[in-house]
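Have a look at the structure below, then the notes.
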Protein chains: 2
Amino acid sequence: MPPRSSPHQPRKTPQQQRSWQTRQRILDAAARVFADYGHAAGTTDRIAEAARLSVGSVYQYFPNKDSILLTLALAHIDESAAAVRAALADIPTPATLTQWLPATVAAYADLHTRDPRLHRVLFEESPRPPELLARFRQAERDAADAVEQLLRQDPALDLAEPARNARVVVAVIESLVHRWVSQQPDDIDTLTTEIVDLLVAYLSAAQRPPRR
Amino acid sequence: MPPRSSPHQPRKTPQQQRSWQTRQRILDAAARVFADYGHAAGTTDRIAEAARLSVGSVYQYFPNKDSILLTLALAHIDESAAAVRAALADIPTPATLTQWLPATVAAYADLHTRDPRLHRVLFEESPRPPELLARFRQAERDAADAVEQLLRQDPALDLAEPARNARVVVAVIESLVHRWVSQQPDDIDTLTTEIVDLLVAYLSAAQRPPRR
DNA sequence: CTATGGTATGAGGAATCCCTCGCTTTCTGG
DNA sequence: CCAGAAAGCGAGGGATTCCTCATACCATAG
């Protein structure tokens with residue numbers, strides 16, 4: 001397994017629309033193959049076969065194997081952000097903790113439940129190029145900013161350091177959902193409840209000293 | 001990379017004590033190599049070279065590459081448990097939350113700070129055989145049991161479901177430390193403080209309704 | 001219909017990798 | 001010092017993998 005050519009850049013820019021479909025076929029096939037075989041055994045040959053194409057065709061759309069992984073991973077990050085945004089869109093503003101927190105956690109958890117094996121391959125087993133890590137952190141910063149806004153909007157909350165608290169909230173949701181994905185002990189509702197309880201307690205305790 | 005012989009069982013039982021040292025040399029070398037090159041590029045040839053041995057010798061002590069990984073991973077789990085036990089040993093019983101919680105978190109986090117790259121290779125990048133997962137869960141159950149005892153001992157706490165709370169505590173420590181290991185944003189003290197704050201708030205809120 | 005260029009093919013080159021096995025060196029007990 | 005056993009050696013077999021490239025198909029514009 002020698003050459004490993006230039007980084008992420010489609011080898012061919014689509015001209016006919018057949019091309020766009022083919023690209024999608026490859027990505028869908030790759031997702032299935034990686035989920036089933038893992039990073040190492042997720043061969044480009046196998047991907048081509050699953051997409052009913054020849055290897056050569058695959059390499060007309062992606063410069064190398066890693067770029068397929070990267071594309072898949074970036075797409076997942078975007079989907080996550082979109083899913084959470086969609087969940088929040090259904091909630092009236094200003095929202096209270098008990099409104100938006102369960103909805104957000106549930107949406108995020110649900111998204112990660114779909115294909116845990118693929119998720120593990122994309123974000124744990126495979127090498128994570130700087131570009132992916134950067135996008136990941138950016139997504140987290142965005143999430144933290146959004147959470148901070150929600151925290152500030154809540155009239156029942158009076159936090160001394162909403163920015164820091166928001167980062168903790170995001171970190172907790174993120175890492176507990178991931179942990180749950182890689183080893184499902186309980187059902188998803190239990191998980192959601194536990195995360196919500198944890199964060200509600202945390203945020204309540206983090207308030208400015210009230211009266212007294 | 002074809003054959004992948006039988007599972008984890010030393011090919012040769014040590015007779016001379018030179019042998020014991022060699023085995024250690026291999027494990028030490030493997031740890032360095034895996035940390036530096038990752039799972040895929042962490043070649044058995046490279047491990048042999050780092051241990052100043054020939055591949056043949058390596059295969060006299062381990063039946064295959066994966067068994068080296070497994071040995072390293074199991075050792076790490078044992079070390080973790082031992083480190084936490086050691087940290088708790090320094091604390092008088094019965095201990096209050098603010099005594100044992102920071103010490104435990106700090107000990108656990110410290111252990112994982114040593115070699116984050118190796119840790120990632122062992123527990124994320126590499127395939128995790130059922131045996132490893134089983135031991136991992138067992139270690140977590142043990143930890144949860146220990147935490148439950150501590151929670152029950154604390155005179156200031158009166159929890160309705162100490163067992164469940166203990167599992168949450170372990171899960172939070174576990175996953176937040178791991179998250180931190182794979183992307184160090186802040187320093188370790190900040191992390192420890194935040195986890196402790198989080199859990200203290202959680203446990204306070206989880207108490208039986210006190211007086212009123 | 002034909003020319004142009006986008007799209008698809010798949011055998012095979014080059015690079016590794018895991019592990020074996022016949023052999024040598026080193027140790028130990030008598 | 002010697003014989004047998006333990007420990008160590010390392011070239012190479014067999015298996016895979018990633019990716020290229022010369023070739024062929026096919027869609028559309030003119």
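Going through the structure tokens in order, the chains are called A, B, and so on, while each chain numbers its residues from 1 and the ligands are numbered from 1 in the order shown.
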Secondary structure check, alpha helix (DSSP H) residues of region 106-180 of chain A, as JSON, numbers by chain: {"A": [106, 107, 108, 109, 110, 111, 112, 113, 116, 117, 118, 119, 120, 130, 131, 132, 133, 134, 135, 136, 137, 138, 139, 140, 141, 142, 143, 144, 145, 146, 147, 148, 149, 150, 151, 152, 153, 162, 163, 164, 165, 166, 167, 168, 169, 170, 171, 172, 173, 174, 175, 176, 177, 178, 179, 180]}
Exercise answer, chain C residues close to chain B, 9 Å and only C-alpha atoms (C1' of nucleotides), as a PyMOL selection string: chain C and resi 16-20+27
Where does chain A meet chain B within 6 Å, residue by residue, with the nearest atom pair and distance in Å to one decimal for each, counting only C-alpha atoms, listed by chain and rising number, as CSV?
residue,atom,partner,partner_atom,distance
A:Glu124,CA,B:Glu124,CA,5.4
A:Glu125,CA,B:Glu125,CA,3.9
A:Ser175,CA,B:Ser175,CA,5.7
A:Leu198,CA,B:Tyr202,CA,5.3
A:Ala201,CA,B:Tyr202,CA,5.1
A:Tyr202,CA,B:Ala201,CA,5.1
A:Ala205,CA,B:Ala201,CA,5.9
Go ahead and save the residues from that selection, with C-alpha atoms, as a short mmCIF file (atom, residue, chain, number, x, y, z; two decimals), in the first residue's frame.
data_model
loop_
_atom_site.label_atom_id
_atom_site.label_comp_id
_atom_site.auth_asym_id
_atom_site.auth_seq_id
_atom_site.Cartn_x
_atom_site.Cartn_y
_atom_site.Cartn_z
CA GLU A 124 -11.90 6.98 16.28
CA GLU A 125 -10.37 4.23 14.24
CA SER A 175 -18.53 13.02 25.47
CA LEU A 198 -26.59 16.25 35.49
CA ALA A 201 -27.89 20.38 38.62
CA TYR A 202 -24.65 21.83 37.34
CA ALA A 205 -25.28 25.34 41.25
#
If the cut-off is 12 Å, can you tell me the residues of chain D near chain B, counting only C-alpha atoms (C1' of nucleotides)? I'd like them as a PDB file with N, CA and C atoms (P, O5', C5', C4', C3', O3' and C1' of nucleotides), in the first residue's frame.
ATOM      1  P    DA D   5      16.847 -31.764  25.481  1.00  0.00           P
ATOM      2  O5'  DA D   5      16.355 -30.373  26.099  1.00  0.00           O
ATOM      3  C5'  DA D   5      16.786 -29.996  27.409  1.00  0.00           C
ATOM      4  C4'  DA D   5      16.811 -28.492  27.496  1.00  0.00           C
ATOM      5  C3'  DA D   5      15.666 -27.803  26.743  1.00  0.00           C
ATOM      6  O3'  DA D   5      15.147 -26.792  27.579  1.00  0.00           O
ATOM      7  C1'  DA D   5      17.718 -26.886  26.062  1.00  0.00           C
ATOM      8  P    DA D   6      13.751 -26.109  27.246  1.00  0.00           P
ATOM      9  O5'  DA D   6      14.172 -24.581  27.274  1.00  0.00           O
ATOM     10  C5'  DA D   6      15.027 -24.120  28.327  1.00  0.00           C
ATOM     11  C4'  DA D   6      15.633 -22.802  27.919  1.00  0.00           C
ATOM     12  C3'  DA D   6      14.641 -21.793  27.341  1.00  0.00           C
ATOM     13  O3'  DA D   6      14.871 -20.559  27.972  1.00  0.00           O
ATOM     14  C1'  DA D   6      16.450 -22.090  25.845  1.00  0.00           C
ATOM     15  P    DA D   7      13.903 -19.335  27.708  1.00  0.00           P
ATOM     16  O5'  DA D   7      14.727 -18.541  26.594  1.00  0.00           O
ATOM     17  C5'  DA D   7      16.014 -18.023  26.923  1.00  0.00           C
ATOM     18  C4'  DA D   7      16.654 -17.401  25.710  1.00  0.00           C
ATOM     19  C3'  DA D   7      15.776 -16.373  24.987  1.00  0.00           C
ATOM     20  O3'  DA D   7      16.516 -15.168  24.925  1.00  0.00           O
ATOM     21  C1'  DA D   7      16.745 -17.902  23.445  1.00  0.00           C
ATOM     22  P    DG D   8      15.957 -13.912  24.123  1.00  0.00           P
ATOM     23  O5'  DG D   8      16.651 -14.108  22.697  1.00  0.00           O
ATOM     24  C5'  DG D   8      18.065 -14.121  22.606  1.00  0.00           C
ATOM     25  C4'  DG D   8      18.487 -14.191  21.155  1.00  0.00           C
ATOM     26  C3'  DG D   8      17.785 -13.174  20.238  1.00  0.00           C
ATOM     27  O3'  DG D   8      18.788 -12.485  19.509  1.00  0.00           O
ATOM     28  C1'  DG D   8      17.645 -15.346  19.315  1.00  0.00           C
ATOM     29  P    DC D   9      18.373 -11.320  18.535  1.00  0.00           P
ATOM     30  O5'  DC D   9      18.509 -12.070  17.147  1.00  0.00           O
ATOM     31  C5'  DC D   9      19.755 -12.688  16.811  1.00  0.00           C
ATOM     32  C4'  DC D   9      19.619 -13.355  15.467  1.00  0.00           C
ATOM     33  C3'  DC D   9      19.038 -12.457  14.371  1.00  0.00           C
ATOM     34  O3'  DC D   9      20.045 -12.233  13.414  1.00  0.00           O
ATOM     35  C1'  DC D   9      18.091 -14.650  14.328  1.00  0.00           C
ATOM     36  P    DG D  10      20.064 -10.838  12.635  1.00  0.00           P
ATOM     37  O5'  DG D  10      19.332 -11.182  11.274  1.00  0.00           O
ATOM     38  C5'  DG D  10      19.756 -12.314  10.527  1.00  0.00           C
ATOM     39  C4'  DG D  10      18.735 -12.606   9.447  1.00  0.00           C
ATOM     40  C3'  DG D  10      18.032 -11.371   8.878  1.00  0.00           C
ATOM     41  O3'  DG D  10      17.774 -11.612   7.509  1.00  0.00           O
ATOM     42  C1'  DG D  10      16.434 -12.817   9.702  1.00  0.00           C
ATOM     43  P    DA D  11      18.477 -10.701   6.410  1.00  0.00           P
ATOM     44  O5'  DA D  11      18.251 -11.586   5.102  1.00  0.00           O
ATOM     45  C5'  DA D  11      18.861 -12.869   5.020  1.00  0.00           C
ATOM     46  C4'  DA D  11      17.908 -13.860   4.380  1.00  0.00           C
ATOM     47  C3'  DA D  11      17.214 -13.361   3.118  1.00  0.00           C
ATOM     48  O3'  DA D  11      17.094 -14.455   2.220  1.00  0.00           O
ATOM     49  C1'  DA D  11      15.580 -13.867   4.755  1.00  0.00           C
ATOM     50  P    DG D  13      10.793 -16.699  -1.217  1.00  0.00           P
ATOM     51  O5'  DG D  13       9.447 -17.482  -0.884  1.00  0.00           O
ATOM     52  C5'  DG D  13       9.444 -18.472   0.134  1.00  0.00           C
ATOM     53  C4'  DG D  13       8.053 -18.587   0.705  1.00  0.00           C
ATOM     54  C3'  DG D  13       6.931 -18.445  -0.321  1.00  0.00           C
ATOM     55  O3'  DG D  13       5.892 -19.352   0.035  1.00  0.00           O
ATOM     56  C1'  DG D  13       6.736 -16.718   1.303  1.00  0.00           C
ATOM     57  P    DG D  14       4.821 -19.713  -1.047  1.00  0.00           P
ATOM     58  O5'  DG D  14       3.579 -18.869  -0.540  1.00  0.00           O
ATOM     59  C5'  DG D  14       3.171 -18.969   0.813  1.00  0.00           C
ATOM     60  C4'  DG D  14       2.213 -17.849   1.129  1.00  0.00           C
ATOM     61  C3'  DG D  14       1.214 -17.558   0.002  1.00  0.00           C
ATOM     62  O3'  DG D  14      -0.065 -17.519   0.600  1.00  0.00           O
ATOM     63  C1'  DG D  14       2.256 -15.563   0.703  1.00  0.00           C
ATOM     64  P    DA D  15      -1.339 -17.274  -0.327  1.00  0.00           P
ATOM     65  O5'  DA D  15      -1.791 -15.849   0.229  1.00  0.00           O
ATOM     66  C5'  DA D  15      -1.714 -15.624   1.623  1.00  0.00           C
ATOM     67  C4'  DA D  15      -1.991 -14.170   1.906  1.00  0.00           C
ATOM     68  C3'  DA D  15      -3.110 -13.588   1.040  1.00  0.00           C
ATOM     69  O3'  DA D  15      -4.033 -12.926   1.888  1.00  0.00           O
ATOM     70  C1'  DA D  15      -1.182 -12.214   0.949  1.00  0.00           C
ATOM     71  P    DT D  16      -5.533 -12.711   1.324  1.00  0.00           P
ATOM     72  O5'  DT D  16      -5.555 -11.146   1.154  1.00  0.00           O
ATOM     73  C5'  DT D  16      -4.331 -10.508   0.888  1.00  0.00           C
ATOM     74  C4'  DT D  16      -4.324  -9.170   1.581  1.00  0.00           C
ATOM     75  C3'  DT D  16      -5.262  -8.208   0.872  1.00  0.00           C
ATOM     76  O3'  DT D  16      -5.829  -7.300   1.787  1.00  0.00           O
ATOM     77  C1'  DT D  16      -2.971  -7.605   0.520  1.00  0.00           C
ATOM     78  P    DT D  17      -7.031  -6.388   1.206  1.00  0.00           P
ATOM     79  O5'  DT D  17      -6.275  -5.007   1.005  1.00  0.00           O
ATOM     80  C5'  DT D  17      -5.316  -4.583   1.978  1.00  0.00           C
ATOM     81  C4'  DT D  17      -4.602  -3.350   1.466  1.00  0.00           C
ATOM     82  C3'  DT D  17      -5.498  -2.488   0.585  1.00  0.00           C
ATOM     83  O3'  DT D  17      -5.645  -1.189   1.119  1.00  0.00           O
ATOM     84  C1'  DT D  17      -3.405  -2.946  -0.487  1.00  0.00           C
TER      85       DT D  17
END
Nearby residues (only C-alpha atoms (C1' of nucleotides)) at most 12 Å from DC21 (chain D), same-chain spacing under 5 positions excluded, as a VMD selection string: (chain A and resid 56 59) or (chain C and resid 9 to 13)
Residue contacts of region 139-145 of chain A (7 Å, only C-alpha atoms (C1' of nucleotides)) excluding same-chain residues fewer than 6 positions away, as a PyMOL selection string: chain A and resi 166-167+170
The selected residues should be written to file as a short mmCIF file (atom, residue, chain, number, x, y, z; two decimals), in the first residue's frame (atoms: N, CA and C atoms).
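In the end it all went to selection.cif:
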data_model
loop_
_atom_site.label_atom_id
_atom_site.label_comp_id
_atom_site.auth_asym_id
_atom_site.auth_seq_id
_atom_site.Cartn_x
_atom_site.Cartn_y
_atom_site.Cartn_z
N ALA A 166 -21.29 27.14 29.23
CA ALA A 166 -21.74 26.62 27.93
C ALA A 166 -20.74 25.60 27.40
N ARG A 167 -19.47 25.90 27.55
CA ARG A 167 -18.47 24.94 27.07
C ARG A 167 -18.58 23.61 27.82
N VAL A 170 -21.59 21.65 26.49
CA VAL A 170 -21.30 21.01 25.21
C VAL A 170 -20.37 19.82 25.40
#
Who sits within 8 Å of Asp189 (chain B), only C-alpha atoms (C1' of nucleotides), same chain under 3 positions skipped, as an NGL selection string: :B and (106 or 192-193)
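For the pair C1' of DG4 (chain D) and C1' of DC23 (chain C), the separation is 16.2 Å.
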